[in-house]
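**Q** Got a file for you: protein-v4.txt, compact mmCIF, C-alpha atoms.
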# COMPACT_ATOMS: atom_id res chain seq x y z
CA GLN V 13 0.00 0.00 0.00
CA LYS V 14 1.35 3.42 -0.95
CA GLU V 15 1.60 6.03 1.78
CA VAL V 16 -0.60 8.49 -0.13
CA GLU V 17 -3.40 7.56 -2.54
CA GLN V 18 -5.36 9.62 -5.05
CA ASP V 19 -7.85 8.75 -7.74
CA PRO V 20 -5.83 9.44 -10.91
CA GLY V 21 -8.88 10.44 -12.95
CA PRO V 22 -9.10 11.89 -15.49
CA LEU V 23 -11.87 14.03 -14.07
CA SER V 24 -13.85 16.11 -16.56
CA VAL V 25 -16.30 18.80 -15.44
CA PRO V 26 -18.18 21.68 -17.13
CA GLU V 27 -17.06 25.24 -16.52
CA GLY V 28 -18.60 26.66 -13.35
CA ALA V 29 -18.89 23.31 -11.58
CA ILE V 30 -17.69 22.62 -8.07
CA VAL V 31 -14.77 20.19 -8.11
CA SER V 32 -13.87 17.87 -5.26
CA LEU V 33 -10.41 16.28 -5.20
CA ASN V 34 -9.41 13.83 -2.49
CA CYS V 35 -6.47 11.99 -0.98
CA THR V 36 -6.19 9.27 1.61
CA TYR V 37 -3.09 8.39 3.53
CA SER V 38 -2.00 5.57 5.77
CA ASN V 39 0.46 7.12 8.23
CA SER V 40 -1.18 8.98 11.11
CA ALA V 41 2.12 10.81 11.74
CA PHE V 42 1.45 13.20 8.84
CA GLN V 43 0.58 16.63 10.22
CA TYR V 44 1.30 19.10 7.40
CA PHE V 45 -0.79 18.92 4.25
CA MET V 46 -0.44 20.66 0.91
CA TRP V 47 -2.07 20.80 -2.49
CA TYR V 48 0.01 21.49 -5.58
CA ARG V 49 -1.13 22.18 -9.14
CA GLN V 50 0.92 21.02 -12.11
CA TYR V 51 0.38 22.16 -15.66
CA SER V 52 1.62 20.00 -18.50
CA ARG V 53 5.43 19.98 -18.81
CA LYS V 54 5.82 22.36 -15.85
CA GLY V 55 6.91 21.91 -12.26
CA PRO V 56 4.21 21.80 -9.56
CA GLU V 57 3.23 25.00 -7.76
CA LEU V 58 1.78 25.33 -4.28
CA LEU V 59 -1.96 26.07 -3.96
CA MET V 60 -2.74 25.43 -0.30
CA TYR V 61 -0.83 24.61 2.89
CA THR V 62 -2.51 23.51 6.10
CA TYR V 63 -1.45 22.16 9.46
CA SER V 64 -3.43 19.45 11.28
CA SER V 65 -7.22 19.12 10.93
CA GLY V 66 -9.64 21.79 9.77
CA ASN V 67 -10.54 23.95 6.81
CA LYS V 68 -8.67 26.67 4.96
CA GLU V 69 -10.09 28.90 2.26
CA ASP V 70 -8.27 30.95 -0.36
CA GLY V 71 -10.40 32.51 -3.07
CA ARG V 72 -12.12 29.75 -5.03
CA PHE V 73 -10.12 27.04 -3.27
CA THR V 74 -10.92 25.32 0.04
CA ALA V 75 -8.74 22.68 1.66
CA GLN V 76 -10.12 20.30 4.27
CA VAL V 77 -8.19 17.93 6.50
CA ASP V 78 -9.77 15.13 8.54
CA LYS V 79 -6.95 13.46 10.42
CA SER V 80 -9.27 11.02 12.19
CA SER V 81 -10.19 9.56 8.80
CA LYS V 82 -6.78 10.17 7.22
CA TYR V 83 -8.54 12.02 4.41
CA ILE V 84 -7.88 15.39 2.82
CA SER V 85 -9.86 17.28 0.19
CA LEU V 86 -9.52 20.24 -2.12
CA PHE V 87 -12.65 21.97 -3.37
CA ILE V 88 -12.61 24.31 -6.35
CA ARG V 89 -15.64 26.56 -6.77
CA ASP V 90 -16.73 28.11 -10.07
CA SER V 91 -14.18 26.03 -11.95
CA GLN V 92 -12.52 27.61 -14.98
CA PRO V 93 -10.82 26.10 -18.04
CA SER V 94 -7.56 27.51 -16.65
CA ASP V 95 -7.96 25.13 -13.69
CA SER V 96 -7.32 22.21 -16.07
CA ALA V 97 -4.19 20.60 -14.65
CA THR V 98 -2.99 17.76 -12.47
CA TYR V 99 -3.59 18.26 -8.74
CA LEU V 100 -1.18 16.63 -6.32
CA CYS V 101 -1.71 16.30 -2.62
CA ALA V 102 1.42 16.31 -0.47
CA MET V 103 2.20 15.88 3.19
CA LYS V 104 4.94 15.63 5.76
CA LYS V 105 5.26 14.42 9.35
CA THR V 106 7.18 17.26 10.96
CA SER V 107 8.03 20.77 9.89
CA TYR V 108 11.53 19.68 8.82
CA ASP V 109 10.61 16.33 7.29
CA LYS V 110 10.63 15.48 3.58
CA VAL V 111 7.50 16.13 1.54
CA ILE V 112 5.72 13.07 0.13
CA PHE V 113 3.41 13.49 -2.87
CA GLY V 114 0.36 11.58 -3.97
CA PRO V 115 0.13 10.32 -7.57
CA GLY V 116 -2.08 13.22 -8.70
CA THR V 117 -5.53 13.67 -10.22
CA SER V 118 -5.88 14.98 -13.77
CA LEU V 119 -8.67 17.57 -14.10
CA SER V 120 -10.20 18.97 -17.27
CA VAL V 121 -12.67 21.86 -17.10
CA ILE V 122 -14.68 22.03 -20.29
CA PRO V 123 -15.85 25.49 -21.52
CA GLY U 15 16.72 34.27 -13.16
CA ALA U 16 15.08 34.11 -9.77
CA GLY U 17 13.68 30.60 -10.07
CA VAL U 18 15.07 27.08 -9.71
CA SER U 19 17.18 26.27 -12.73
CA GLN U 20 17.79 22.74 -14.00
CA SER U 21 20.06 21.49 -16.73
CA PRO U 22 20.00 19.88 -19.15
CA SER U 23 16.31 20.28 -19.96
CA ASN U 24 16.50 17.18 -22.15
CA LYS U 25 19.00 14.33 -22.15
CA VAL U 26 19.03 11.30 -24.40
CA THR U 27 21.55 8.64 -23.52
CA GLU U 28 22.34 5.03 -24.24
CA LYS U 29 21.76 2.25 -21.76
CA GLY U 30 24.81 1.77 -19.57
CA LYS U 31 26.06 5.37 -19.77
CA ASP U 32 26.36 7.67 -16.75
CA VAL U 33 24.43 10.94 -16.60
CA GLU U 34 24.62 14.04 -14.41
CA LEU U 35 21.70 16.36 -13.81
CA ARG U 36 22.24 19.78 -12.28
CA CYS U 37 20.05 21.94 -10.09
CA ASP U 38 20.61 25.59 -9.16
CA PRO U 39 18.21 26.42 -6.33
CA ILE U 40 16.86 29.85 -5.48
CA SER U 41 19.55 31.84 -3.69
CA GLY U 42 19.29 31.53 0.08
CA HIS U 43 17.06 28.46 0.05
CA THR U 44 18.35 25.97 2.60
CA ALA U 45 16.30 22.94 1.60
CA LEU U 46 16.69 21.11 -1.71
CA TYR U 47 14.76 18.10 -3.02
CA TRP U 48 15.03 15.75 -5.97
CA TYR U 49 11.95 13.94 -7.27
CA ARG U 50 11.34 11.65 -10.23
CA GLN U 51 8.16 11.74 -12.32
CA SER U 52 7.48 9.00 -14.83
CA LEU U 53 4.93 9.50 -17.62
CA GLY U 54 1.49 10.08 -16.14
CA GLN U 55 2.73 9.36 -12.62
CA GLY U 56 3.11 11.36 -9.44
CA LEU U 57 6.30 12.61 -7.86
CA GLU U 58 8.58 9.93 -6.44
CA PHE U 59 10.80 11.26 -3.66
CA LEU U 60 14.51 10.62 -4.21
CA ILE U 61 16.65 12.69 -1.82
CA TYR U 62 16.38 15.73 0.47
CA PHE U 63 19.09 18.13 1.65
CA GLN U 64 18.43 20.45 4.58
CA GLY U 65 21.18 22.89 5.50
CA ASN U 66 24.23 21.17 6.91
CA SER U 67 22.33 18.09 8.07
CA ALA U 68 23.01 14.66 6.59
CA PRO U 69 20.80 14.23 3.52
CA ASP U 70 17.75 11.96 3.61
CA LYS U 71 18.58 9.43 0.90
CA SER U 72 15.73 7.07 1.69
CA GLY U 73 14.09 7.49 -1.73
CA LEU U 74 17.06 6.63 -3.93
CA PRO U 75 15.95 3.52 -5.86
CA SER U 76 19.35 1.84 -6.13
CA ASP U 77 23.05 2.40 -5.52
CA ARG U 78 23.35 3.59 -9.11
CA PHE U 79 21.79 6.86 -7.95
CA SER U 80 23.67 9.46 -5.92
CA ALA U 81 23.44 13.17 -5.28
CA GLU U 82 25.55 15.84 -3.73
CA ARG U 83 25.08 19.44 -2.81
CA THR U 84 28.14 21.65 -2.85
CA GLY U 85 28.48 24.72 -0.67
CA GLY U 86 24.86 24.48 0.36
CA SER U 87 23.78 25.58 -3.10
CA VAL U 88 24.11 23.73 -6.42
CA SER U 89 23.18 20.05 -6.47
CA THR U 90 24.06 17.28 -8.91
CA LEU U 91 22.11 14.05 -9.30
CA THR U 92 24.21 11.28 -10.85
CA ILE U 93 22.83 8.10 -12.36
CA GLN U 94 25.41 5.46 -13.17
CA ARG U 95 24.97 2.68 -15.73
CA THR U 96 21.58 4.02 -16.82
CA GLN U 97 18.74 1.61 -17.52
CA GLN U 98 15.62 2.12 -19.64
CA GLU U 99 13.46 2.25 -16.52
CA ASP U 100 15.41 5.36 -15.45
CA SER U 101 13.65 7.31 -18.21
CA ALA U 102 11.61 10.01 -16.50
CA VAL U 103 11.50 13.70 -15.69
CA TYR U 104 13.78 14.55 -12.78
CA LEU U 105 12.47 17.52 -10.82
CA CYS U 106 14.44 19.62 -8.38
CA ALA U 107 12.81 21.87 -5.79
CA SER U 108 14.07 24.24 -3.14
CA SER U 109 12.49 25.98 -0.18
CA LEU U 110 13.50 28.92 1.97
CA ALA U 111 13.12 26.90 5.14
CA ALA U 112 12.00 23.34 5.61
CA ASP U 113 9.28 24.41 8.00
CA THR U 114 7.11 25.74 5.20
CA GLY U 115 5.19 23.67 2.74
CA GLU U 116 6.19 25.76 -0.25
CA LEU U 117 8.58 24.02 -2.55
CA PHE U 118 9.66 25.93 -5.63
CA PHE U 119 10.19 23.58 -8.53
CA GLY U 120 12.34 23.81 -11.61
CA GLU U 121 10.97 22.72 -14.96
CA GLY U 122 12.77 19.41 -14.79
CA SER U 123 15.31 17.42 -16.73
CA ARG U 124 13.72 14.93 -19.12
CA LEU U 125 15.89 11.83 -19.34
CA THR U 126 15.44 9.25 -22.09
CA VAL U 127 17.50 6.07 -21.95
CA LEU U 128 17.60 4.18 -25.25
Please go through the file and, once you have read it, give me the structure as structure tokens.
**A**
Amino acid sequence: QKEVEQDPGPLSVPEGAIVSLNCTYSNSAFQYFMWYRQYSRKGPELLMYTYSSGNKEDGRFTAQVDKSSKYISLFIRDSQPSDSATYLCAMKKTSYDKVIFGPGTSLSVIP
Amino acid sequence: GAGVSQSPSNKVTEKGKDVELRCDPISGHTALYWYRQSLGQGLEFLIYFQGNSAPDKSGLPSDRFSAERTGGSVSTLTIQRTQQEDSAVYLCASSLAADTGELFFGEGSRLTVL
């Protein structure tokens, strides 16, 4: 079993839809959680960074962490074609630990 | 430039040859990571340097892989006796301090082993 799992998709939604992206993980020691976005042939870029359980909102993006279920989510409201990319969850155990990435979910937002 | 710079951007080599991939992190960034991304796959952790601490090499897939970081700045990833399964994009990232989640990635070095 991999440490971090994601549904690889591809996920295709119409413009304006609400998108839900999810990750599960197996190691309860993870405390820091991130979502990265990666466009084709580019390096990933950070979208959201959260510590422990709870919600965090930034514009159209909301990150949720449920440590009791070992489950994290990223919601995208009013999705746009420019949101079409691969979304990678990432996490680490301590502030100075290495960052482990999930396999990514490919998202297409259709105009 | 102000970003993470990687070279070469593309490398085609023959099976059995050695290759070196270079990463220039953002100036002042103390943490440096190498990841590998195969076609359609996520990021596979390889190695992590943090300041003057011993590097975390737990992700290196075999003893053919090694990396060093000189002067706390530039890093080189070396793959000896390359195999076809080594074909992938090798991504380098740096961060200002390891206690943030923000890694700044380069655009990667695409390695093809024939």
**Q** Please identify all polymer residues within 8 Å of region 122-126 of chain U, counting all atoms listed in the file, omitting same-chain residues fewer than 5 positions from it, and present them as a list in words.
**A**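 Once the adjacent positions are removed, what remains is Lys54 and Gly55 of chain V; Gln20, Ser21, Pro22, Ser23, Asn24, Lys25, Val26, Thr27, Leu35, Gln98, Asp100, Ser101, Ala102, Val103, Tyr104, Leu105 and Cys106 of chain U.
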**Q** Select from chain U every residue with an atom at most 12 Å from any atom of chain V, then for each give the shortest pair of atoms and their distance in Å to one decimal, using only C-alpha atoms, rows by chain and rising number, as a Markdown table.
**A**
| residue | atom | partner | partner_atom | distance |
| --- | --- | --- | --- | --- |
| U:Gly17 | CA | V:Gly55 | CA | 11.2 |
| U:Val18 | CA | V:Gly55 | CA | 10.0 |
| U:Ser19 | CA | V:Gly55 | CA | 11.2 |
| U:Gln20 | CA | V:Gly55 | CA | 11.0 |
| U:Ser23 | CA | V:Arg53 | CA | 10.9 |
| U:Asn24 | CA | V:Arg53 | CA | 11.9 |
| U:Thr44 | CA | V:Tyr108 | CA | 11.2 |
| U:Ala45 | CA | V:Tyr108 | CA | 9.2 |
| U:Leu46 | CA | V:Lys110 | CA | 9.8 |
| U:Tyr47 | CA | V:Lys110 | CA | 8.2 |
| U:Trp48 | CA | V:Lys110 | CA | 10.5 |
| U:Tyr49 | CA | V:Phe113 | CA | 9.6 |
| U:Arg50 | CA | V:Phe113 | CA | 11.0 |
| U:Gln51 | CA | V:Pro115 | CA | 9.4 |
| U:Ser52 | CA | V:Pro115 | CA | 10.4 |
| U:Leu53 | CA | V:Arg53 | CA | 10.6 |
| U:Gly54 | CA | V:Pro115 | CA | 8.7 |
| U:Gln55 | CA | V:Pro115 | CA | 5.8 |
| U:Gly56 | CA | V:Pro115 | CA | 3.7 |
| U:Leu57 | CA | V:Phe113 | CA | 5.8 |
| U:Glu58 | CA | V:Phe113 | CA | 7.2 |
| U:Phe59 | CA | V:Ile112 | CA | 6.6 |
| U:Leu60 | CA | V:Lys110 | CA | 10.0 |
| U:Ile61 | CA | V:Lys110 | CA | 8.6 |
| U:Tyr62 | CA | V:Lys110 | CA | 6.5 |
| U:Phe63 | CA | V:Lys110 | CA | 9.1 |
| U:Gln64 | CA | V:Tyr108 | CA | 8.1 |
| U:Gly65 | CA | V:Tyr108 | CA | 10.7 |
| U:Ser67 | CA | V:Tyr108 | CA | 10.9 |
| U:Pro69 | CA | V:Lys110 | CA | 10.2 |
| U:Asp70 | CA | V:Lys110 | CA | 7.9 |
| U:Lys71 | CA | V:Lys110 | CA | 10.3 |
| U:Ser72 | CA | V:Lys110 | CA | 10.0 |
| U:Gly73 | CA | V:Lys110 | CA | 10.2 |
| U:Ala102 | CA | V:Arg53 | CA | 12.0 |
| U:Val103 | CA | V:Arg53 | CA | 9.3 |
| U:Tyr104 | CA | V:Gly55 | CA | 10.1 |
| U:Leu105 | CA | V:Gly55 | CA | 7.2 |
| U:Cys106 | CA | V:Gly55 | CA | 8.8 |
| U:Ala107 | CA | V:Gly55 | CA | 8.8 |
| U:Ser108 | CA | V:Val111 | CA | 11.4 |
| U:Ser109 | CA | V:Tyr108 | CA | 11.0 |
| U:Leu110 | CA | V:Tyr108 | CA | 11.7 |
| U:Ala111 | CA | V:Tyr108 | CA | 8.3 |
| U:Ala112 | CA | V:Tyr108 | CA | 4.9 |
| U:Asp113 | CA | V:Ser107 | CA | 4.3 |
| U:Thr114 | CA | V:Ser107 | CA | 6.9 |
| U:Gly115 | CA | V:Tyr61 | CA | 6.1 |
| U:Glu116 | CA | V:Leu58 | CA | 6.0 |
| U:Leu117 | CA | V:Leu58 | CA | 7.1 |
| U:Phe118 | CA | V:Glu57 | CA | 6.8 |
| U:Phe119 | CA | V:Gly55 | CA | 5.2 |
| U:Gly120 | CA | V:Gly55 | CA | 5.8 |
| U:Glu121 | CA | V:Gly55 | CA | 4.9 |
| U:Gly122 | CA | V:Gly55 | CA | 6.9 |
| U:Ser123 | CA | V:Arg53 | CA | 10.4 |
| U:Arg124 | CA | V:Arg53 | CA | 9.7 |
**Q** In the coordinate frame of the file, compute which residues have an atom within 10 Å of (-5.7, 12.6, 3.4) when using all atoms listed in the file, and state them as a list of chain:residue names.
**A**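 Output: V:Glu15, V:Val16, V:Glu17, V:Gln18, V:Asn34, V:Cys35, V:Thr36, V:Tyr37, V:Ser38, V:Asn39, V:Ser40, V:Phe42, V:Phe45, V:Met46, V:Gln76, V:Val77, V:Asp78, V:Lys79, V:Ser80, V:Ser81, V:Lys82, V:Tyr83, V:Ile84, V:Ser85, V:Cys101, V:Ala102, V:Met103, V:Gly114.
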**Q** So, counting all atoms listed in the file, which residue among V:Ser91, V:Thr74, V:Ser24, V:Ser64 is closest to Leu119 (chain V)?
**A**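 Result for the nearest residue to Leu119 (chain V): V:Ser24.
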**Q** Take CA of Ile122 (chain V) and CA of Asp95 (chain V) and report the distance between them in Å, one decimal.
**A** 9.9 Å
**Q** Report, in Å with one decimal, the straight-line distance from CA of Ser89 (chain U) to CA of Lys29 (chain U).
**A** 23.5 Å
**Q** Export region 18-122 of chain V, C-alpha atoms, as a tab-separated table (two decimals), in the first residue's frame; it's the structure right above.
**A**
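New file out-v4.tsv:
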chain	number	residue	atom	x	y	z
V	18	GLN	CA	-5.36	9.62	-5.05
V	19	ASP	CA	-7.85	8.75	-7.74
V	20	PRO	CA	-5.83	9.44	-10.91
V	21	GLY	CA	-8.88	10.44	-12.95
V	22	PRO	CA	-9.10	11.89	-15.49
V	23	LEU	CA	-11.87	14.03	-14.07
V	24	SER	CA	-13.85	16.11	-16.56
V	25	VAL	CA	-16.30	18.80	-15.44
V	26	PRO	CA	-18.18	21.68	-17.13
V	27	GLU	CA	-17.06	25.24	-16.52
V	28	GLY	CA	-18.60	26.66	-13.35
V	29	ALA	CA	-18.89	23.31	-11.58
V	30	ILE	CA	-17.69	22.62	-8.07
V	31	VAL	CA	-14.77	20.19	-8.11
V	32	SER	CA	-13.87	17.87	-5.26
V	33	LEU	CA	-10.41	16.28	-5.20
V	34	ASN	CA	-9.41	13.83	-2.49
V	35	CYS	CA	-6.47	11.99	-0.98
V	36	THR	CA	-6.19	9.27	1.61
V	37	TYR	CA	-3.09	8.39	3.53
V	38	SER	CA	-2.00	5.57	5.77
V	39	ASN	CA	0.46	7.12	8.23
V	40	SER	CA	-1.18	8.98	11.11
V	41	ALA	CA	2.12	10.81	11.74
V	42	PHE	CA	1.45	13.20	8.84
V	43	GLN	CA	0.58	16.63	10.22
V	44	TYR	CA	1.30	19.10	7.40
V	45	PHE	CA	-0.79	18.92	4.25
V	46	MET	CA	-0.44	20.66	0.91
V	47	TRP	CA	-2.07	20.80	-2.49
V	48	TYR	CA	0.01	21.49	-5.58
V	49	ARG	CA	-1.13	22.18	-9.14
V	50	GLN	CA	0.92	21.02	-12.11
V	51	TYR	CA	0.38	22.16	-15.66
V	52	SER	CA	1.62	20.00	-18.50
V	53	ARG	CA	5.43	19.98	-18.81
V	54	LYS	CA	5.82	22.36	-15.85
V	55	GLY	CA	6.91	21.91	-12.26
V	56	PRO	CA	4.21	21.80	-9.56
V	57	GLU	CA	3.23	25.00	-7.76
V	58	LEU	CA	1.78	25.33	-4.28
V	59	LEU	CA	-1.96	26.07	-3.96
V	60	MET	CA	-2.74	25.43	-0.30
V	61	TYR	CA	-0.83	24.61	2.89
V	62	THR	CA	-2.51	23.51	6.10
V	63	TYR	CA	-1.45	22.16	9.46
V	64	SER	CA	-3.43	19.45	11.28
V	65	SER	CA	-7.22	19.12	10.93
V	66	GLY	CA	-9.64	21.79	9.77
V	67	ASN	CA	-10.54	23.95	6.81
V	68	LYS	CA	-8.67	26.67	4.96
V	69	GLU	CA	-10.09	28.90	2.26
V	70	ASP	CA	-8.27	30.95	-0.36
V	71	GLY	CA	-10.40	32.51	-3.07
V	72	ARG	CA	-12.12	29.75	-5.03
V	73	PHE	CA	-10.12	27.04	-3.27
V	74	THR	CA	-10.92	25.32	0.04
V	75	ALA	CA	-8.74	22.68	1.66
V	76	GLN	CA	-10.12	20.30	4.27
V	77	VAL	CA	-8.19	17.93	6.50
V	78	ASP	CA	-9.77	15.13	8.54
V	79	LYS	CA	-6.95	13.46	10.42
V	80	SER	CA	-9.27	11.02	12.19
V	81	SER	CA	-10.19	9.56	8.80
V	82	LYS	CA	-6.78	10.17	7.22
V	83	TYR	CA	-8.54	12.02	4.41
V	84	ILE	CA	-7.88	15.39	2.82
V	85	SER	CA	-9.86	17.28	0.19
V	86	LEU	CA	-9.52	20.24	-2.12
V	87	PHE	CA	-12.65	21.97	-3.37
V	88	ILE	CA	-12.61	24.31	-6.35
V	89	ARG	CA	-15.64	26.56	-6.77
V	90	ASP	CA	-16.73	28.11	-10.07
V	91	SER	CA	-14.18	26.03	-11.95
V	92	GLN	CA	-12.52	27.61	-14.98
V	93	PRO	CA	-10.82	26.10	-18.04
V	94	SER	CA	-7.56	27.51	-16.65
V	95	ASP	CA	-7.96	25.13	-13.69
V	96	SER	CA	-7.32	22.21	-16.07
V	97	ALA	CA	-4.19	20.60	-14.65
V	98	THR	CA	-2.99	17.76	-12.47
V	99	TYR	CA	-3.59	18.26	-8.74
V	100	LEU	CA	-1.18	16.63	-6.32
V	101	CYS	CA	-1.71	16.30	-2.62
V	102	ALA	CA	1.42	16.31	-0.47
V	103	MET	CA	2.20	15.88	3.19
V	104	LYS	CA	4.94	15.63	5.76
V	105	LYS	CA	5.26	14.42	9.35
V	106	THR	CA	7.18	17.26	10.96
V	107	SER	CA	8.03	20.77	9.89
V	108	TYR	CA	11.53	19.68	8.82
V	109	ASP	CA	10.61	16.33	7.29
V	110	LYS	CA	10.63	15.48	3.58
V	111	VAL	CA	7.50	16.13	1.54
V	112	ILE	CA	5.72	13.07	0.13
V	113	PHE	CA	3.41	13.49	-2.87
V	114	GLY	CA	0.36	11.58	-3.97
V	115	PRO	CA	0.13	10.32	-7.57
V	116	GLY	CA	-2.08	13.22	-8.70
V	117	THR	CA	-5.53	13.67	-10.22
V	118	SER	CA	-5.88	14.98	-13.77
V	119	LEU	CA	-8.67	17.57	-14.10
V	120	SER	CA	-10.20	18.97	-17.27
V	121	VAL	CA	-12.67	21.86	-17.10
V	122	ILE	CA	-14.68	22.03	-20.29
